[in-house]
Amino acid sequence: MKSARNIMKIFFSLRTSVWLMTALMLILFYGAYIMPLKKEFLMLHTTPLFEWLLEQPLAITWWIWGALLVVSLLAVNTLLCSIESLIKRRSSQKMLLLIAPQIIHAGFLFLLLAHVLSSCGSFKGTTFAFHGTVLQLPNGLDVVFDEIHIDTDQSGFVSGWHANIRYFRRGRYVTRDIIRPNDPSFQDGLGMYIKAVRTRPFPAALVEVSREPGAVWALVGGVCFLGGMIILLVMNIRRDAESLQFD
Amino acid sequence: MNFVEAYWKMQDSIISLSNNEHAALAIIISAVIFYSLGYYRVVFVYAAFLLQAIYLFSRGMQLGRLPLIGPHDTLFFLSASTVLFAVPLSMKLKKRKQLLYPVLLLSVVFMLLSLAYKPHNVPLTPLLKTFWFEAHIVLSFFSYALFSIAAVLGVMFLISKGEQIEILQCKIILIGYCLFSAGMIFGGIWAYFAWGTYWLWTPKELWTLILWLFYSLYLHARLRKWWAGKASVTVGIIGFFIMMFTYLGVSLFMESSHAF
């Protein structure tokens, strides 16, 4: 009972957060050094992270497993500290100052959730497409490339592109769309991107089809994180202004 | 000559200014000299910053975009941003010049380093022509400037102590951390719309994460009184070196798809 209480005490501690962040930093420092040296990491972005981790030898992936463990502990620590903070100071007058860090923590946890979802269920496939190419997508849709148009400037640099596409399901027309730079086409959970284009001998595009199940949660996490930070900054500025008034 | 004609003539002059390498070099050297004269009169600091702003504006007009690609433009932007934030922040201290002088030195070093690299005058690839990318870059470099100033304040504290200096360092790091986090999020949004993923496991992203974790660690540890003082300012100084490696070191010494 006493040991369980001591373990819980560790997870409710700010000192634990500091040590976990330090450990994570050191692991990532090693990872940033080792990644360019091992050719296996070139394939890291072609498959979901967990799938890639299970395929690769532990000798080169141990640091990622270590980082995942530390992040898991950090997530538990963050959640427990936030809950404790809200319970202990729920009668506080300065509710915004109490809630802002918890919103930031919630944002952090949503970002972790996003990465977990993407690491399990993401998909990526690339192929070349030309005028008239038909691609079969994993979600049961077929996409037809009606036209690939590439703009070039006077010196021959590619200044823009767009591809007119139509979606079909079992031969029946669904909808049409246009893919532009930074403006992909999304349909039934899949995104279609043009990664590169070629003008000669005829217009062609390197197309990538991808699914990122964590994208929405990453956005939610980012919004929460920034929202909490802005509240915290505003509260700090207001507190400084008030202390100046009383000087 | 009416107002419209005068405006177009001025625009042509500014564009031809940045097209002329000698004129550009003269502006940069003049800014360095004026920052050096800033040790005697603060008015020279304002004049030097104005020259930097003119150069950045002329580069922007020449390129038709924000001049933030490649080491030359980014180092120059970092130099200008550092002074932009340091001037008002120095007014919060009793001895204003204590902060301003070392920051001017840092700004001059960044500017001189920028001269070692050729300006990136190649047209931007269409995937970089988006608000999210430009906001990502601007926010990142604003945060780098604030982390640089925080390091200077850390050195100031180690030399002359002063609780006010240490508290100011903490506040600057908090603002820098907010901007850096926003930069990371905007970068993720851009990457998702451009590349199909909001995160890539490359050395640049890993070092960005290390830098973010480092300042997260600082801000959490700083919540405890036992951490305030020499320990926290030293961490603030170390952060500057991690920031510089994340910005320059990774791009120069490591292979990464996310160079600059």
# chains A, B, ... in the order shown; residues from 1 in each chain; ligands from 1
call {"tool": "select_by_dssp", "arguments": {"residues": "segment 113-158 of chain A", "states": "strand (DSSP E or B)", "output": "number ranges by chain"}}
result
A: 123-130, 134-136, 141-152, 158
call {"tool": "residues_around", "arguments": {"residues": "segment 146-161 of chain B", "least_positions_apart": "4", "cutoff": "7 Å", "atoms": "only C-alpha atoms", "output": "JSON list (two decimals) with N, CA and C atoms, in the first residue's frame"}}
result
[["chain", "number", "residue", "atom", "x", "y", "z"],
["B", 82, "THR", "N", 16.21, 40.37, -33.88],
["B", 82, "THR", "CA", 16.83, 40.46, -32.56],
["B", 82, "THR", "C", 16.82, 41.90, -32.07],
["B", 86, "ALA", "N", 14.77, 43.64, -28.99],
["B", 86, "ALA", "CA", 15.67, 44.09, -27.92],
["B", 86, "ALA", "C", 15.46, 45.56, -27.56],
["B", 99, "LEU", "N", 21.69, 45.58, -21.87],
["B", 99, "LEU", "CA", 21.09, 44.58, -22.76],
["B", 99, "LEU", "C", 21.37, 44.91, -24.22],
["B", 102, "PRO", "N", 25.25, 44.03, -25.93],
["B", 102, "PRO", "CA", 25.53, 42.65, -26.35],
["B", 102, "PRO", "C", 24.58, 42.16, -27.45],
["B", 103, "VAL", "N", 23.34, 42.64, -27.45],
["B", 103, "VAL", "CA", 22.40, 42.24, -28.51],
["B", 103, "VAL", "C", 22.85, 42.83, -29.85],
["B", 142, "PHE", "N", 11.17, 34.77, -35.22],
["B", 142, "PHE", "CA", 10.87, 35.66, -34.10],
["B", 142, "PHE", "C", 11.19, 34.96, -32.78],
["B", 165, "ILE", "N", 16.41, 40.92, -13.94],
["B", 165, "ILE", "CA", 16.95, 40.38, -15.19],
["B", 165, "ILE", "C", 16.47, 38.94, -15.36],
["B", 166, "GLU", "N", 16.53, 38.18, -14.28],
["B", 166, "GLU", "CA", 16.14, 36.76, -14.34],
["B", 166, "GLU", "C", 14.65, 36.61, -14.65],
["B", 169, "GLN", "N", 14.11, 37.39, -18.29],
["B", 169, "GLN", "CA", 14.52, 36.26, -19.12],
["B", 169, "GLN", "C", 13.40, 35.22, -19.19],
["B", 172, "ILE", "N", 10.57, 36.45, -21.44],
["B", 172, "ILE", "CA", 10.94, 36.44, -22.86],
["B", 172, "ILE", "C", 10.93, 35.01, -23.39],
["B", 173, "ILE", "N", 11.40, 34.07, -22.58],
["B", 173, "ILE", "CA", 11.39, 32.67, -23.00],
["B", 173, "ILE", "C", 9.94, 32.19, -23.15],
["B", 176, "GLY", "N", 8.76, 33.60, -26.40],
["B", 176, "GLY", "CA", 9.45, 32.89, -27.47],
["B", 176, "GLY", "C", 8.93, 31.47, -27.64],
["B", 230, "LYS", "N", 20.65, 31.11, -10.71],
["B", 230, "LYS", "CA", 21.77, 30.70, -11.56],
["B", 230, "LYS", "C", 21.42, 29.49, -12.43],
["B", 233, "VAL", "N", 18.97, 30.54, -15.38],
["B", 233, "VAL", "CA", 19.58, 31.41, -16.42],
["B", 233, "VAL", "C", 20.60, 30.62, -17.23],
["B", 234, "THR", "N", 21.28, 29.67, -16.58],
["B", 234, "THR", "CA", 22.24, 28.83, -17.31],
["B", 234, "THR", "C", 21.51, 27.99, -18.35],
["B", 236, "GLY", "N", 18.77, 28.86, -19.77],
["B", 236, "GLY", "CA", 18.39, 29.82, -20.81],
["B", 236, "GLY", "C", 19.54, 30.10, -21.78],
["B", 237, "ILE", "N", 20.76, 30.07, -21.27],
["B", 237, "ILE", "CA", 21.93, 30.30, -22.14],
["B", 237, "ILE", "C", 22.18, 29.08, -23.02],
["B", 240, "PHE", "N", 20.14, 28.76, -26.19],
["B", 240, "PHE", "CA", 20.59, 29.51, -27.37],
["B", 240, "PHE", "C", 21.42, 28.63, -28.29]]
call {"tool": "closest_residue", "arguments": {"among": "A:Trp52, A:Phe11, A:Trp161, A:Phe168", "to": "chain B", "atoms": "only C-alpha atoms"}}
result
A:Trp161
call {"tool": "residues_around", "arguments": {"residues": "His131 of chain A", "least_positions_apart": "5", "cutoff": "10 Å", "atoms": "only C-alpha atoms", "output": "list in words"}}
result
Val144, Phe145, Asp146, Glu147, Ile148, His149, Ala163, Asn164, Ile165, Phe202, Pro203, Ala204 and Ala205 of chain A
call {"tool": "interface_residues", "arguments": {"of": "chain A", "to": "chain B", "cutoff": "9 Å", "atoms": "only C-alpha atoms", "output": "short mmCIF file (atom, residue, chain, number, x, y, z; two decimals) with N, CA and C atoms, in the first residue's frame"}}
result
data_model
loop_
_atom_site.label_atom_id
_atom_site.label_comp_id
_atom_site.auth_asym_id
_atom_site.auth_seq_id
_atom_site.Cartn_x
_atom_site.Cartn_y
_atom_site.Cartn_z
N LEU A 14 6.01 17.37 -10.21
CA LEU A 14 6.55 18.21 -11.27
C LEU A 14 7.99 17.80 -11.58
N ARG A 15 8.70 17.36 -10.53
CA ARG A 15 10.09 16.92 -10.70
C ARG A 15 10.14 15.75 -11.69
N SER A 17 8.07 15.27 -14.18
CA SER A 17 7.92 15.84 -15.52
C SER A 17 9.27 16.31 -16.05
N VAL A 18 10.01 17.01 -15.21
CA VAL A 18 11.30 17.56 -15.61
C VAL A 18 12.26 16.43 -15.99
N TRP A 19 12.30 15.38 -15.16
CA TRP A 19 13.21 14.26 -15.45
C TRP A 19 12.79 13.51 -16.72
N MET A 21 11.14 14.78 -19.30
CA MET A 21 11.46 15.61 -20.45
C MET A 21 12.96 15.56 -20.76
N THR A 22 13.76 15.54 -19.71
CA THR A 22 15.22 15.44 -19.89
C THR A 22 15.59 14.12 -20.57
N LEU A 24 13.68 12.22 -22.42
CA LEU A 24 13.18 12.22 -23.80
C LEU A 24 14.09 13.02 -24.72
N MET A 25 14.55 14.15 -24.21
CA MET A 25 15.46 15.00 -24.98
C MET A 25 16.75 14.25 -25.32
N LEU A 26 17.31 13.56 -24.34
CA LEU A 26 18.57 12.84 -24.55
C LEU A 26 18.38 11.70 -25.55
N LEU A 28 16.10 11.59 -27.96
CA LEU A 28 15.92 12.18 -29.29
C LEU A 28 17.23 12.75 -29.83
N PHE A 29 18.07 13.22 -28.94
CA PHE A 29 19.39 13.71 -29.33
C PHE A 29 20.19 12.57 -29.97
N GLY A 31 18.82 9.88 -31.29
CA GLY A 31 18.09 9.53 -32.52
C GLY A 31 18.43 10.45 -33.68
N ALA A 32 18.53 11.76 -33.40
CA ALA A 32 18.86 12.72 -34.46
C ALA A 32 20.25 12.47 -35.01
N TYR A 33 21.14 11.91 -34.17
CA TYR A 33 22.49 11.59 -34.62
C TYR A 33 22.51 10.30 -35.43
N MET A 35 19.95 8.64 -37.01
CA MET A 35 19.04 8.50 -38.16
C MET A 35 19.71 8.67 -39.52
N PRO A 36 20.54 9.73 -39.71
CA PRO A 36 21.16 9.88 -41.04
C PRO A 36 22.18 8.77 -41.36
N PHE A 41 16.23 3.96 -41.98
CA PHE A 41 15.35 5.08 -41.64
C PHE A 41 14.79 5.79 -42.88
N LEU A 44 11.18 5.03 -43.25
CA LEU A 44 10.34 5.33 -42.09
C LEU A 44 9.02 6.01 -42.47
N HIS A 45 9.04 6.80 -43.54
CA HIS A 45 7.84 7.57 -43.88
C HIS A 45 6.93 6.85 -44.87
N HIS A 115 -0.55 11.47 -32.94
CA HIS A 115 0.61 10.70 -33.40
C HIS A 115 0.37 9.20 -33.24
N LYS A 124 0.13 5.47 -47.22
CA LYS A 124 0.76 6.33 -48.21
C LYS A 124 1.07 5.50 -49.45
N PHE A 157 11.03 27.76 -65.07
CA PHE A 157 10.72 27.22 -63.76
C PHE A 157 9.21 26.95 -63.66
N VAL A 158 8.89 25.86 -63.00
CA VAL A 158 7.48 25.53 -62.78
C VAL A 158 6.91 26.51 -61.75
N SER A 159 5.89 27.26 -62.17
CA SER A 159 5.32 28.27 -61.26
C SER A 159 3.98 27.82 -60.68
N GLY A 160 3.44 26.75 -61.19
CA GLY A 160 2.18 26.25 -60.64
C GLY A 160 1.67 25.07 -61.44
N TRP A 161 0.68 24.41 -60.89
CA TRP A 161 0.06 23.30 -61.62
C TRP A 161 -1.35 23.05 -61.07
N PRO A 181 -1.22 23.11 -55.86
CA PRO A 181 -0.23 23.14 -54.78
C PRO A 181 -0.87 23.61 -53.48
N ASN A 182 -0.63 22.90 -52.41
CA ASN A 182 -1.19 23.20 -51.08
C ASN A 182 -2.72 23.13 -51.05
N ASP A 183 -3.32 22.50 -52.04
CA ASP A 183 -4.77 22.36 -52.13
C ASP A 183 -5.09 20.97 -52.66
N PRO A 184 -4.89 19.96 -51.81
CA PRO A 184 -5.11 18.58 -52.26
C PRO A 184 -6.61 18.29 -52.37
N GLY A 191 -6.45 11.59 -48.96
CA GLY A 191 -6.05 12.83 -49.60
C GLY A 191 -5.20 12.54 -50.81
N MET A 192 -5.41 13.31 -51.87
CA MET A 192 -4.60 13.14 -53.09
C MET A 192 -3.75 14.38 -53.30
N TYR A 193 -2.46 14.15 -53.40
CA TYR A 193 -1.51 15.26 -53.51
C TYR A 193 -0.67 15.09 -54.76
N ILE A 194 -0.28 16.23 -55.34
CA ILE A 194 0.70 16.19 -56.41
C ILE A 194 2.03 16.62 -55.81
N LYS A 195 3.00 15.68 -55.79
CA LYS A 195 4.29 15.96 -55.15
C LYS A 195 5.26 16.65 -56.11
N GLU A 208 0.57 11.36 -54.83
CA GLU A 208 0.60 10.59 -53.58
C GLU A 208 -0.81 10.55 -53.00
N VAL A 209 -1.19 9.35 -52.63
CA VAL A 209 -2.48 9.16 -51.95
C VAL A 209 -2.16 8.83 -50.50
N SER A 210 -2.74 9.57 -49.59
CA SER A 210 -2.38 9.30 -48.19
C SER A 210 -3.59 9.43 -47.27
N ARG A 211 -3.45 8.75 -46.15
CA ARG A 211 -4.46 8.85 -45.09
C ARG A 211 -3.74 9.16 -43.79
N GLU A 212 -4.17 10.18 -43.10
CA GLU A 212 -3.59 10.56 -41.81
C GLU A 212 -4.72 10.62 -40.78
N ALA A 215 -4.74 13.54 -38.16
CA ALA A 215 -4.63 14.95 -38.56
C ALA A 215 -5.61 15.86 -37.80
N ALA A 218 -4.54 16.32 -34.31
CA ALA A 218 -3.36 17.19 -34.24
C ALA A 218 -3.79 18.65 -34.29
N LEU A 219 -4.78 18.94 -35.14
CA LEU A 219 -5.28 20.32 -35.24
C LEU A 219 -5.97 20.74 -33.94
N GLY A 222 -3.32 21.34 -31.43
CA GLY A 222 -2.62 22.59 -31.70
C GLY A 222 -3.43 23.80 -31.28
N VAL A 223 -4.70 23.78 -31.59
CA VAL A 223 -5.58 24.90 -31.21
C VAL A 223 -5.67 25.04 -29.69
N PHE A 225 -3.49 23.95 -27.47
CA PHE A 225 -2.18 24.34 -26.95
C PHE A 225 -1.97 25.84 -27.11
N LEU A 226 -2.23 26.34 -28.32
CA LEU A 226 -2.02 27.77 -28.57
C LEU A 226 -3.02 28.62 -27.78
N MET A 229 -1.86 28.85 -24.28
CA MET A 229 -0.66 29.70 -24.18
C MET A 229 -1.02 31.16 -24.27
N ILE A 230 -1.95 31.49 -25.16
CA ILE A 230 -2.36 32.90 -25.32
C ILE A 230 -3.03 33.40 -24.04
N LEU A 233 -0.35 34.03 -21.49
CA LEU A 233 0.42 35.24 -21.79
C LEU A 233 -0.39 36.48 -21.41
N ASN A 236 -0.45 36.95 -17.74
CA ASN A 236 0.85 37.46 -17.28
C ASN A 236 0.99 38.95 -17.52
#
call {"tool": "residues_around", "arguments": {"residues": "Ile28 of chain B", "least_positions_apart": "4", "cutoff": "9 Å", "atoms": "only C-alpha atoms", "output": "list in words"}}
result
Ala23, Ala24, Val32, Ile33, Ala48, Leu51, Gln52, Tyr55, Met111, Leu112 and Leu115 of chain B
call {"tool": "closest_residue", "arguments": {"among": "B:Ser114, B:Gln98, B:Ser36, B:Ser232", "to": "Phe76 of chain B", "atoms": "only C-alpha atoms"}}
result
B:Ser114
call {"tool": "atom_distance", "arguments": {"atom1": "atom CA of Gly162 of chain B", "atom2": "atom CA of Asp240 of chain A"}}
result
17.9 Å
call {"tool": "atom_distance", "arguments": {"atom1": "atom CA of Lys225 of chain B", "atom2": "atom CA of Cys170 of chain B"}}
result
12.8 Å
call {"tool": "closest_residue", "arguments": {"among": "B:Leu105, B:Ile242, B:Leu84, B:Leu50", "to": "Thr208 of chain B", "atoms": "only C-alpha atoms"}}
result
B:Ile242
call {"tool": "atom_distance", "arguments": {"atom1": "atom CA of Pro71 of chain B", "atom2": "atom CA of Tyr117 of chain B"}}
result
6.4 Å
call {"tool": "select_by_dssp", "arguments": {"residues": "segment 15-233 of chain A", "states": "alpha helix (DSSP H)", "output": "PyMOL selection string"}}
result
chain A and resi 15-34+49-55+58-88+95-121+215-233
call {"tool": "closest_residue", "arguments": {"among": "A:Leu109, A:Leu37, A:Leu42, A:Leu20", "to": "Val70 of chain A", "atoms": "only C-alpha atoms"}}
result
A:Leu20
call {"tool": "closest_residue", "arguments": {"among": "B:Ala116, B:Leu37, B:Ala47, B:Leu78", "to": "Ser143 of chain B", "atoms": "only C-alpha atoms"}}
result
B:Leu78
call {"tool": "closest_residue", "arguments": {"among": "A:Asn139, A:Gln187, A:Ser82, A:Thr46", "to": "Ser119 of chain A", "atoms": "only C-alpha atoms"}}
result
A:Thr46
